[in-house]
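Structure below is final_37.cif: mmCIF, C-alpha atoms.
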```
data_coords
loop_
_atom_site.label_atom_id
_atom_site.label_comp_id
_atom_site.auth_asym_id
_atom_site.auth_seq_id
_atom_site.Cartn_x
_atom_site.Cartn_y
_atom_site.Cartn_z
CA MET T 1 -22.12 -7.20 -41.23
CA MET T 2 -24.34 -7.51 -44.34
CA THR T 3 -27.83 -8.26 -43.11
CA SER T 4 -31.13 -8.86 -44.88
CA ARG T 5 -32.12 -5.35 -43.84
CA PHE T 6 -29.18 -4.01 -45.85
CA TRP T 7 -30.33 -5.70 -49.05
CA ASN T 8 -33.96 -4.71 -48.52
CA ASN T 9 -32.93 -1.06 -48.14
CA LEU T 10 -30.65 -1.36 -51.16
CA SER T 11 -33.45 -2.78 -53.31
CA ALA T 12 -35.74 0.08 -52.35
CA SER T 13 -33.22 2.80 -53.20
CA LEU T 14 -31.38 1.53 -56.32
CA PRO T 15 -32.44 0.45 -59.81
CA ALA T 16 -32.77 -3.29 -60.39
CA VAL T 17 -29.63 -3.39 -62.54
CA ALA T 18 -27.56 -1.74 -59.84
CA VAL T 19 -28.86 -4.15 -57.25
CA ALA T 20 -28.02 -7.11 -59.48
CA GLY T 21 -24.53 -5.75 -59.91
CA ALA T 22 -24.08 -5.37 -56.19
CA LEU T 23 -25.26 -8.92 -55.64
CA SER T 24 -22.79 -10.25 -58.16
CA VAL T 25 -19.91 -8.56 -56.37
CA ALA T 26 -21.03 -9.54 -52.85
CA ALA T 27 -19.59 -12.66 -51.30
CA PHE T 28 -21.81 -15.70 -51.75
CA PRO T 29 -24.10 -16.79 -50.12
CA ALA T 30 -26.24 -13.67 -50.17
CA HIS T 31 -27.60 -12.45 -46.84
CA ALA T 32 -24.79 -14.16 -44.91
CA GLU T 33 -24.61 -13.11 -41.28
CA ASP T 34 -21.20 -12.87 -39.59
CA TRP T 35 -21.94 -13.41 -35.91
CA ARG T 36 -19.54 -12.26 -33.20
CA GLY T 37 -19.47 -14.25 -29.96
CA TRP T 38 -17.95 -13.64 -26.51
CA ASN T 39 -16.07 -16.12 -24.32
CA VAL T 40 -13.92 -15.49 -21.24
CA HIS T 41 -11.90 -18.72 -21.47
CA PRO T 42 -8.64 -19.41 -23.36
CA ASP T 43 -8.15 -21.69 -26.36
CA GLY T 44 -8.35 -25.36 -25.45
CA TYR T 45 -10.64 -24.83 -22.46
CA PRO T 46 -13.75 -27.10 -22.58
CA ASN T 47 -16.04 -24.12 -23.19
CA SER T 48 -13.81 -22.77 -25.95
CA VAL T 49 -13.66 -26.13 -27.72
CA ALA T 50 -17.44 -26.49 -27.48
CA LEU T 51 -18.04 -22.97 -28.78
CA LYS T 52 -15.75 -23.58 -31.75
CA PHE T 53 -17.81 -26.70 -32.46
CA PHE T 54 -20.95 -24.53 -32.32
CA ASP T 55 -19.42 -22.08 -34.80
CA GLU T 56 -18.51 -24.83 -37.25
CA GLU T 57 -21.83 -26.67 -37.01
CA VAL T 58 -23.89 -23.54 -37.57
CA SER T 59 -21.82 -22.38 -40.54
CA LYS T 60 -21.82 -25.84 -42.13
CA ASN T 61 -25.50 -26.65 -41.64
CA THR T 62 -26.75 -23.23 -42.76
CA ASP T 63 -24.55 -23.43 -45.88
CA GLY T 64 -22.80 -20.28 -44.72
CA ARG T 65 -25.92 -18.22 -44.20
CA ILE T 66 -24.71 -17.71 -40.62
CA ASN T 67 -21.00 -17.59 -39.86
CA PRO T 68 -20.39 -17.38 -36.10
CA ARG T 69 -16.95 -16.54 -34.77
CA ILE T 70 -16.09 -16.89 -31.10
CA TYR T 71 -13.63 -14.46 -29.51
CA ASN T 72 -11.87 -16.06 -26.52
CA ASN T 73 -10.03 -14.60 -23.53
CA ALA T 74 -12.65 -11.85 -23.01
CA VAL T 75 -11.02 -9.75 -25.74
CA LEU T 76 -14.41 -8.13 -26.40
CA GLY T 77 -14.76 -6.92 -22.80
CA ASP T 78 -15.55 -8.33 -19.38
CA GLN T 79 -18.71 -10.34 -18.78
CA PRO T 80 -21.05 -7.54 -17.61
CA ASP T 81 -20.10 -5.48 -20.67
CA ALA T 82 -20.49 -8.48 -22.96
CA ILE T 83 -23.95 -9.23 -21.55
CA ASP T 84 -25.02 -5.64 -22.23
CA GLN T 85 -23.56 -5.75 -25.74
CA THR T 86 -25.41 -8.97 -26.51
CA ARG T 87 -28.68 -7.57 -25.18
CA SER T 88 -28.29 -4.54 -27.42
CA GLY T 89 -27.29 -6.62 -30.46
CA ALA T 90 -23.73 -5.27 -30.66
CA LEU T 91 -22.65 -8.88 -30.05
CA ASP T 92 -24.60 -11.81 -31.43
CA PHE T 93 -23.97 -14.50 -28.83
CA GLY T 94 -21.91 -15.45 -25.81
CA ASN T 95 -21.21 -18.05 -23.11
CA PHE T 96 -22.26 -16.41 -19.83
CA ASN T 97 -22.06 -17.60 -16.24
CA MET T 98 -25.29 -17.04 -14.31
CA GLY T 99 -23.44 -15.64 -11.27
CA PRO T 100 -23.07 -12.06 -12.60
CA MET T 101 -26.47 -12.17 -14.34
CA GLY T 102 -28.48 -11.27 -11.23
CA PRO T 103 -28.48 -7.46 -11.62
CA ILE T 104 -30.12 -7.91 -15.03
CA VAL T 105 -32.24 -11.03 -14.45
CA PRO T 106 -33.08 -11.25 -10.71
CA GLU T 107 -34.36 -14.81 -11.04
CA THR T 108 -30.83 -16.02 -11.73
CA ASP T 109 -29.71 -14.93 -8.24
CA VAL T 110 -31.34 -18.16 -7.05
CA LEU T 111 -28.54 -20.09 -8.76
CA SER T 112 -25.93 -18.46 -6.49
CA LEU T 113 -27.52 -19.79 -3.31
CA PRO T 114 -25.09 -22.17 -1.56
CA PHE T 115 -25.90 -25.88 -1.42
CA LEU T 116 -28.85 -25.39 -3.78
CA PHE T 117 -27.98 -28.40 -5.92
CA ASP T 118 -27.01 -31.85 -4.68
CA SER T 119 -24.73 -32.53 -7.65
CA VAL T 120 -23.70 -31.31 -11.08
CA ASP T 121 -25.90 -33.99 -12.65
CA GLN T 122 -28.91 -32.72 -10.72
CA MET T 123 -28.16 -29.20 -11.95
CA TYR T 124 -28.17 -30.47 -15.54
CA ARG T 125 -31.52 -32.20 -14.99
CA VAL T 126 -32.95 -28.99 -13.57
CA MET T 127 -31.67 -26.74 -16.33
CA ASP T 128 -32.57 -29.16 -19.15
CA GLY T 129 -36.16 -29.40 -17.92
CA ASP T 130 -39.09 -27.13 -17.24
CA ILE T 131 -37.21 -25.10 -14.62
CA GLY T 132 -34.51 -24.29 -17.14
CA LYS T 133 -37.24 -23.03 -19.47
CA ARG T 134 -38.39 -20.68 -16.71
CA PHE T 135 -34.90 -19.22 -16.49
CA ALA T 136 -34.76 -19.03 -20.29
CA ASP T 137 -38.06 -17.14 -20.34
CA ALA T 138 -36.71 -14.66 -17.78
CA LEU T 139 -33.58 -14.15 -19.88
CA ALA T 140 -35.68 -13.67 -23.02
CA GLU T 141 -37.50 -10.80 -21.34
CA LYS T 142 -34.10 -9.10 -21.16
CA ASP T 143 -33.30 -9.77 -24.83
CA LEU T 144 -31.16 -12.89 -24.31
CA ILE T 145 -32.20 -16.20 -25.90
CA ALA T 146 -30.76 -19.11 -23.88
CA LEU T 147 -30.25 -22.01 -26.29
CA SER T 148 -28.42 -24.46 -24.01
CA TRP T 149 -26.76 -24.79 -20.62
CA PHE T 150 -23.07 -25.39 -19.95
CA GLY T 151 -21.54 -26.56 -16.68
CA SER T 152 -18.78 -24.97 -14.63
CA GLY T 153 -18.24 -27.78 -12.15
CA ALA T 154 -18.86 -27.82 -8.43
CA ARG T 155 -16.94 -25.58 -6.08
CA SER T 156 -15.63 -27.22 -2.91
CA PHE T 157 -13.54 -26.28 0.10
CA TYR T 158 -9.83 -26.99 0.41
CA ASN T 159 -7.46 -26.09 3.23
CA THR T 160 -4.06 -26.65 4.79
CA ASP T 161 -5.24 -28.12 8.11
CA HIS T 162 -7.74 -30.99 8.01
CA PRO T 163 -10.51 -32.68 6.00
CA ILE T 164 -13.99 -31.18 6.15
CA GLU T 165 -16.52 -33.92 6.79
CA GLY T 166 -19.30 -31.89 8.38
CA PRO T 167 -20.22 -28.24 9.05
CA ASP T 168 -18.33 -28.10 12.35
CA ASP T 169 -15.06 -28.84 10.55
CA VAL T 170 -15.24 -25.37 8.99
CA LYS T 171 -15.27 -23.66 12.38
CA GLY T 172 -12.37 -21.25 12.83
CA LEU T 173 -10.94 -21.68 9.33
CA LYS T 174 -10.00 -18.53 7.43
CA LEU T 175 -11.35 -19.20 3.93
CA ARG T 176 -11.04 -17.09 0.84
CA VAL T 177 -14.31 -16.55 -1.02
CA MET T 178 -15.38 -14.57 -4.06
CA ASN T 179 -16.57 -11.05 -3.34
CA ASN T 180 -20.26 -11.83 -2.89
CA ASP T 181 -22.31 -11.39 0.28
CA LEU T 182 -23.97 -14.77 -0.22
CA TYR T 183 -20.63 -16.56 -0.06
CA VAL T 184 -19.44 -14.55 2.94
CA ASP T 185 -22.67 -15.42 4.74
CA MET T 186 -22.21 -19.08 3.78
CA VAL T 187 -18.81 -19.38 5.48
CA ASP T 188 -19.98 -17.36 8.48
CA ALA T 189 -22.97 -19.70 8.89
CA LEU T 190 -20.55 -22.62 9.06
CA GLY T 191 -18.48 -20.94 11.76
CA GLY T 192 -15.57 -20.02 9.51
CA ASN T 193 -14.00 -16.65 8.81
CA ALA T 194 -14.75 -15.57 5.25
CA THR T 195 -11.99 -13.57 3.58
CA PRO T 196 -12.83 -12.03 0.20
CA MET T 197 -9.68 -11.44 -1.86
CA SER T 198 -8.60 -11.49 -5.47
CA TYR T 199 -7.90 -14.89 -6.98
CA GLY T 200 -4.29 -13.99 -7.75
CA GLU T 201 -3.50 -13.45 -4.06
CA VAL T 202 -4.70 -16.87 -2.88
CA PHE T 203 -1.56 -18.95 -3.46
CA GLN T 204 0.76 -16.69 -1.48
CA SER T 205 -1.87 -16.21 1.22
CA LEU T 206 -2.15 -19.99 1.63
CA LYS T 207 1.62 -20.32 1.70
CA THR T 208 2.11 -17.66 4.39
CA GLY T 209 -0.89 -18.62 6.50
CA VAL T 210 -2.86 -15.44 5.88
CA ILE T 211 -5.72 -17.81 5.04
CA ASP T 212 -6.23 -21.49 5.82
CA GLY T 213 -8.06 -22.38 2.67
CA ALA T 214 -10.31 -21.39 -0.20
CA GLU T 215 -12.96 -22.91 -2.45
CA ASN T 216 -13.04 -23.81 -6.13
CA ASN T 217 -13.35 -26.70 -8.56
CA PHE T 218 -10.70 -29.33 -9.31
CA PRO T 219 -9.41 -27.76 -12.58
CA SER T 220 -8.87 -24.39 -10.90
CA PHE T 221 -7.39 -25.97 -7.76
CA GLU T 222 -4.88 -27.79 -9.94
CA SER T 223 -4.07 -25.11 -12.54
CA SER T 224 -3.51 -22.45 -9.84
CA ASN T 225 -1.05 -24.74 -8.00
CA HIS T 226 -3.03 -24.26 -4.78
CA TYR T 227 -2.74 -28.02 -4.31
CA GLU T 228 0.97 -27.58 -3.60
CA VAL T 229 0.07 -25.88 -0.31
CA ALA T 230 -3.48 -26.95 0.58
CA LYS T 231 -3.38 -30.73 0.99
CA TYR T 232 -7.01 -31.31 1.99
CA PHE T 233 -9.76 -31.08 -0.63
CA SER T 234 -13.28 -31.80 0.63
CA GLU T 235 -16.00 -32.28 -1.97
CA THR T 236 -18.72 -30.13 -0.48
CA GLY T 237 -20.03 -29.06 -3.90
CA HIS T 238 -21.53 -26.03 -2.21
CA LEU T 239 -21.81 -23.91 -5.35
CA ILE T 240 -22.86 -25.25 -8.74
CA ILE T 241 -23.64 -22.42 -11.16
CA PRO T 242 -24.77 -23.15 -14.74
CA GLU T 243 -23.79 -21.11 -17.75
CA CYS T 244 -25.79 -20.33 -20.87
CA LEU T 245 -25.03 -20.23 -24.53
CA CYS T 246 -27.14 -17.15 -25.23
CA VAL T 247 -27.97 -15.41 -28.51
CA ALA T 248 -29.03 -11.79 -28.87
CA LYS T 249 -32.79 -11.59 -29.37
CA SER T 250 -32.28 -9.18 -32.28
CA SER T 251 -30.02 -11.70 -34.06
CA TRP T 252 -32.35 -14.57 -33.25
CA ASN T 253 -35.41 -12.79 -34.61
CA GLU T 254 -33.74 -12.30 -37.99
CA LEU T 255 -33.43 -16.07 -38.51
CA SER T 256 -35.82 -18.22 -40.48
CA ASP T 257 -37.51 -21.06 -38.61
CA GLU T 258 -35.17 -23.49 -40.37
CA ASP T 259 -32.07 -21.64 -39.26
CA LYS T 260 -33.40 -21.28 -35.72
CA SER T 261 -33.68 -25.07 -35.54
CA ILE T 262 -30.14 -25.48 -36.85
CA VAL T 263 -28.68 -22.96 -34.40
CA ARG T 264 -30.54 -24.42 -31.43
CA LYS T 265 -29.46 -27.98 -32.21
CA ALA T 266 -25.84 -26.85 -32.63
CA ALA T 267 -26.04 -25.12 -29.23
CA GLU T 268 -27.50 -28.20 -27.55
CA ASP T 269 -24.86 -30.45 -29.11
CA ALA T 270 -22.16 -27.98 -28.04
CA ALA T 271 -23.46 -28.12 -24.46
CA GLN T 272 -23.18 -31.92 -24.42
CA LYS T 273 -19.62 -31.69 -25.73
CA GLN T 274 -18.71 -29.04 -23.13
CA ARG T 275 -20.09 -31.17 -20.29
CA GLU T 276 -18.15 -34.23 -21.42
CA LEU T 277 -14.92 -32.28 -21.82
CA TRP T 278 -15.38 -30.61 -18.43
CA LYS T 279 -15.91 -33.97 -16.71
CA GLU T 280 -12.82 -35.43 -18.37
CA GLY T 281 -10.73 -32.40 -17.40
CA ALA T 282 -11.96 -32.44 -13.81
CA GLU T 283 -11.09 -36.13 -13.47
CA LYS T 284 -7.59 -35.54 -14.82
CA SER T 285 -7.07 -32.62 -12.44
CA ARG T 286 -8.23 -34.73 -9.51
CA GLU T 287 -5.83 -37.52 -10.45
CA LYS T 288 -2.96 -35.04 -10.66
CA VAL T 289 -3.56 -33.46 -7.25
CA GLU T 290 -4.06 -36.84 -5.57
CA ALA T 291 -0.80 -38.06 -7.09
CA ALA T 292 0.81 -34.98 -5.53
CA GLY T 293 -0.38 -36.02 -2.07
CA VAL T 294 -3.67 -34.18 -1.69
CA LYS T 295 -6.19 -36.04 0.46
CA VAL T 296 -9.60 -35.85 -1.22
CA ASN T 297 -12.73 -36.76 0.70
CA GLU T 298 -16.35 -36.88 -0.40
CA VAL T 299 -18.80 -35.07 1.87
CA LYS T 300 -21.70 -37.50 2.13
CA ASP T 301 -24.08 -35.57 4.39
CA LYS T 302 -24.97 -32.47 2.36
CA ALA T 303 -28.19 -32.05 4.40
CA ALA T 304 -26.19 -30.99 7.47
CA PHE T 305 -24.61 -28.17 5.47
CA GLN T 306 -27.92 -27.19 3.88
CA LYS T 307 -29.51 -26.91 7.31
CA ARG T 308 -26.90 -24.30 8.30
CA MET T 309 -27.86 -22.32 5.20
CA GLU T 310 -31.51 -21.86 6.22
CA PRO T 311 -31.01 -18.32 7.65
CA ILE T 312 -29.43 -17.32 4.33
CA TYR T 313 -32.37 -18.73 2.41
CA GLN T 314 -34.88 -17.08 4.74
CA ALA T 315 -33.24 -13.69 4.25
CA PHE T 316 -33.14 -14.24 0.48
CA ILE T 317 -36.81 -15.22 0.33
CA LYS T 318 -37.78 -12.25 2.47
CA GLU T 319 -36.12 -10.02 -0.11
CA HIS T 320 -37.43 -12.05 -3.09
CA PRO T 321 -40.72 -13.68 -1.99
CA ASP T 322 -41.71 -14.40 -5.58
CA LEU T 323 -38.73 -16.75 -5.97
CA GLU T 324 -39.54 -19.11 -3.07
CA SER T 325 -41.46 -21.57 -5.25
CA LEU T 326 -38.57 -21.66 -7.73
CA ILE T 327 -36.14 -22.61 -4.94
CA ASP T 328 -38.51 -25.34 -3.74
CA ASP T 329 -38.91 -26.74 -7.24
CA ILE T 330 -35.15 -26.93 -7.73
CA ARG T 331 -34.54 -28.63 -4.40
CA ASN T 332 -37.30 -31.15 -5.12
CA THR T 333 -35.93 -32.15 -8.52
CA GLN T 334 -34.32 -35.57 -8.35
#
```
What do you get writing this file as structure tokens?
Amino acid sequence: MMTSRFWNNLSASLPAVAVAGALSVAAFPAHAEDWRGWNVHPDGYPNSVALKFFDEEVSKNTDGRINPRIYNNAVLGDQPDAIDQTRSGALDFGNFNMGPMGPIVPETDVLSLPFLFDSVDQMYRVMDGDIGKRFADALAEKDLIALSWFGSGARSFYNTDHPIEGPDDVKGLKLRVMNNDLYVDMVDALGGNATPMSYGEVFQSLKTGVIDGAENNFPSFESSNHYEVAKYFSETGHLIIPECLCVAKSSWNELSDEDKSIVRKAAEDAAQKQRELWKEGAEKSREKVEAAGVKVNEVKDKAAFQKRMEPIYQAFIKEHPDLESLIDDIRNTQ
């Protein structure tokens, strides 16, 4: 990567003629930055399409002064490694889910609390407003500049036995969850039996009755073929975790004010595109599973589920008393 620092050092150490010669050989425009970006998703996924849009907009509107390139399918490492690389400046940007961000930015653990948000739209309102700026400030303290917020849908319960209308309908169900104590506690609080297991084992476990159900969003439910076995999908929306388009602070600080404005606008526009594409994809996945015979029901009384979560929240606040006001502010955002 040829940075402005490179040319400054070159100017200080070489005669003017030599510098001019080097500039004539270098690719135009001078001082171009080739940014490397991380993404876990494959080509064609809403996030990947949006990130490609970001790349193109930044390159075009900076006249090539910044040339981002997104690397999909986590080819540059898994998310924890990519976060560390971005913080150190080894990577320039990335699309990161807030779930694994907690060990680095404790404030983001709030976003993994079950039934925190009422809907995906409410989450967007929260993250696009003053509360989102608070999370962005916390990320900036750890050398990550959050430019915009992506969505990852709402995770809901599905099972092979019956619809879930209220908390008592979870009682006795063996449900696969991600390997996180918060999610285990969530199912336990509803009277179910939480079963952490790898995602790849879920289909066969549903088919053989090792588990009764699991939880995820419509696109994952459909693409994994879990809908072929689990015929009841209940829209609990118990987990809605935002994602950031984050830039390394070291890369950000090298930009002029003009280029910062261009990059930020491209990131915000990319977030809007990602949200639209995600919504379209989720609707198509829902239509497909319903056509295959899945019974989908909307859970209208989220308050009943949230009430069961109070012991989880109390334990969380006891451990993180400084985050109680943040939780209250999120819950009170309409």
### Task
Go through the shown structure with the PyMOL selection byres ((chain T and resi 81) around 12) and write out the matching residues as a ChimeraX atom specification.
/T:38-40,74-80,82-88,90-91,94,96,100-101,104
### Query
Quick one: of T:Ala270, T:Ala303, T:Met127, T:Ile211, who's nearest to Ala50 (chain T), counting only C-alpha atoms?
T:Ala270
### Task
Please measure the separation of CA of Arg176 (chain T) and CA of Thr195 (chain T), giving the value in Å to one decimal.
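Computing it gives 4.6 Å between the two atoms.
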### Summary
From the list T:Ile145, T:Ala189, T:Leu113, T:Ile70, the nearest residue to Arg264 (chain T) using all atoms listed in the file is T:Ile145
### Message
Under the rule that all atoms listed in the file are counted, which of T:Leu255, T:Val187, T:Val105, T:Ala292 is the nearest residue to Arg65 (chain T)?
### Response
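Of the candidates, the smallest distance to Arg65 (chain T) is held by T:Leu255.
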### Query
Mind telling me what the PyMOL selection byres ((chain T and resi 234-247) around 6) catches here, as a ChimeraX atom specification?
/T:92-98,111,114-115,144-151,154-158,164,233,248,296-299
#### Entry: Interatomic distance, CA of Trp278 (chain T) to CA of Phe221 (chain T) (Å, one decimal)
14.1 Å
#### Entry: Point-to-point distance in Å for CA of Asn217 (chain T) and CA of Val289 (chain T)
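Result for CA of Val289 (chain T) versus CA of Asn217 (chain T): 12.0 Å, one decimal.
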### Task
Check the smallest atom-to-atom distance from each of T:Ile262, T:Ala315, T:Ile66, T:Val294 to Asp181 (chain T) using only C-alpha atoms, then report the winner.
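Nearest candidate to Asp181 (chain T) out of T:Ile262, T:Ala315, T:Ile66, T:Val294: T:Ala315.
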### Distance criterion (all atoms listed in the file): nearest to Lys273 (chain T) out of T:Pro219, T:Pro46, T:Gly209, T:Gly191
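When distances to Lys273 (chain T) are compared using all atoms listed in the file, the smallest one comes from T:Pro46.
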### Message
Residues near Leu190 (chain T), anyone? I mean within 12 Å using only C-alpha atoms, not counting same-chain ones fewer than 2 positions away, as an NGL selection string.
### Response
:T and (114 or 157 or 164 or 166-175 or 183-188 or 192-194 or 238 or 304-312)
### Task
Might you pull out every residue within 9 Å of Ala230 (chain T), with all atoms listed in the file counted and same-chain residues fewer than 4 positions away left off, and present them as a ChimeraX atom specification?
/T:158-161,206-207,212-214,226,294
Could you save the residues just selected, with C-alpha atoms, as a PDB file, keeping the file's coordinate frame?
```pdb
ATOM      1  CA  TYR T 158      -9.830 -26.990   0.410  1.00  0.00           C
ATOM      2  CA  ASN T 159      -7.460 -26.090   3.230  1.00  0.00           C
ATOM      3  CA  THR T 160      -4.060 -26.650   4.790  1.00  0.00           C
ATOM      4  CA  ASP T 161      -5.240 -28.120   8.110  1.00  0.00           C
ATOM      5  CA  LEU T 206      -2.150 -19.990   1.630  1.00  0.00           C
ATOM      6  CA  LYS T 207       1.620 -20.320   1.700  1.00  0.00           C
ATOM      7  CA  ASP T 212      -6.230 -21.490   5.820  1.00  0.00           C
ATOM      8  CA  GLY T 213      -8.060 -22.380   2.670  1.00  0.00           C
ATOM      9  CA  ALA T 214     -10.310 -21.390  -0.200  1.00  0.00           C
ATOM     10  CA  HIS T 226      -3.030 -24.260  -4.780  1.00  0.00           C
ATOM     11  CA  VAL T 294      -3.670 -34.180  -1.690  1.00  0.00           C
TER      12      VAL T 294
END
```
Excluding Lys284 (chain T) and any residue of its chain fewer than 3 positions from it, enumerate the residues within 12 Å of it, using all atoms listed in the file, and give them as a PDB file with C-alpha atoms, in the coordinates of the input.
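As written to disk, part_34.pdb reads:
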```pdb
ATOM      1  CA  PHE T 218     -10.700 -29.330  -9.310  1.00  0.00           C
ATOM      2  CA  PRO T 219      -9.410 -27.760 -12.580  1.00  0.00           C
ATOM      3  CA  SER T 220      -8.870 -24.390 -10.900  1.00  0.00           C
ATOM      4  CA  PHE T 221      -7.390 -25.970  -7.760  1.00  0.00           C
ATOM      5  CA  GLU T 222      -4.880 -27.790  -9.940  1.00  0.00           C
ATOM      6  CA  SER T 223      -4.070 -25.110 -12.540  1.00  0.00           C
ATOM      7  CA  LEU T 277     -14.920 -32.280 -21.820  1.00  0.00           C
ATOM      8  CA  TRP T 278     -15.380 -30.610 -18.430  1.00  0.00           C
ATOM      9  CA  LYS T 279     -15.910 -33.970 -16.710  1.00  0.00           C
ATOM     10  CA  GLU T 280     -12.820 -35.430 -18.370  1.00  0.00           C
ATOM     11  CA  GLY T 281     -10.730 -32.400 -17.400  1.00  0.00           C
ATOM     12  CA  GLU T 287      -5.830 -37.520 -10.450  1.00  0.00           C
ATOM     13  CA  LYS T 288      -2.960 -35.040 -10.660  1.00  0.00           C
ATOM     14  CA  VAL T 289      -3.560 -33.460  -7.250  1.00  0.00           C
ATOM     15  CA  GLU T 290      -4.060 -36.840  -5.570  1.00  0.00           C
ATOM     16  CA  ALA T 291      -0.800 -38.060  -7.090  1.00  0.00           C
TER      17      ALA T 291
END
```
### Message
For the provided coordinates, the residues matched by the PyMOL selection byres ((chain T and resi 179) around 6) should be stated as a ChimeraX atom specification.
### Response
/T:178,180,196
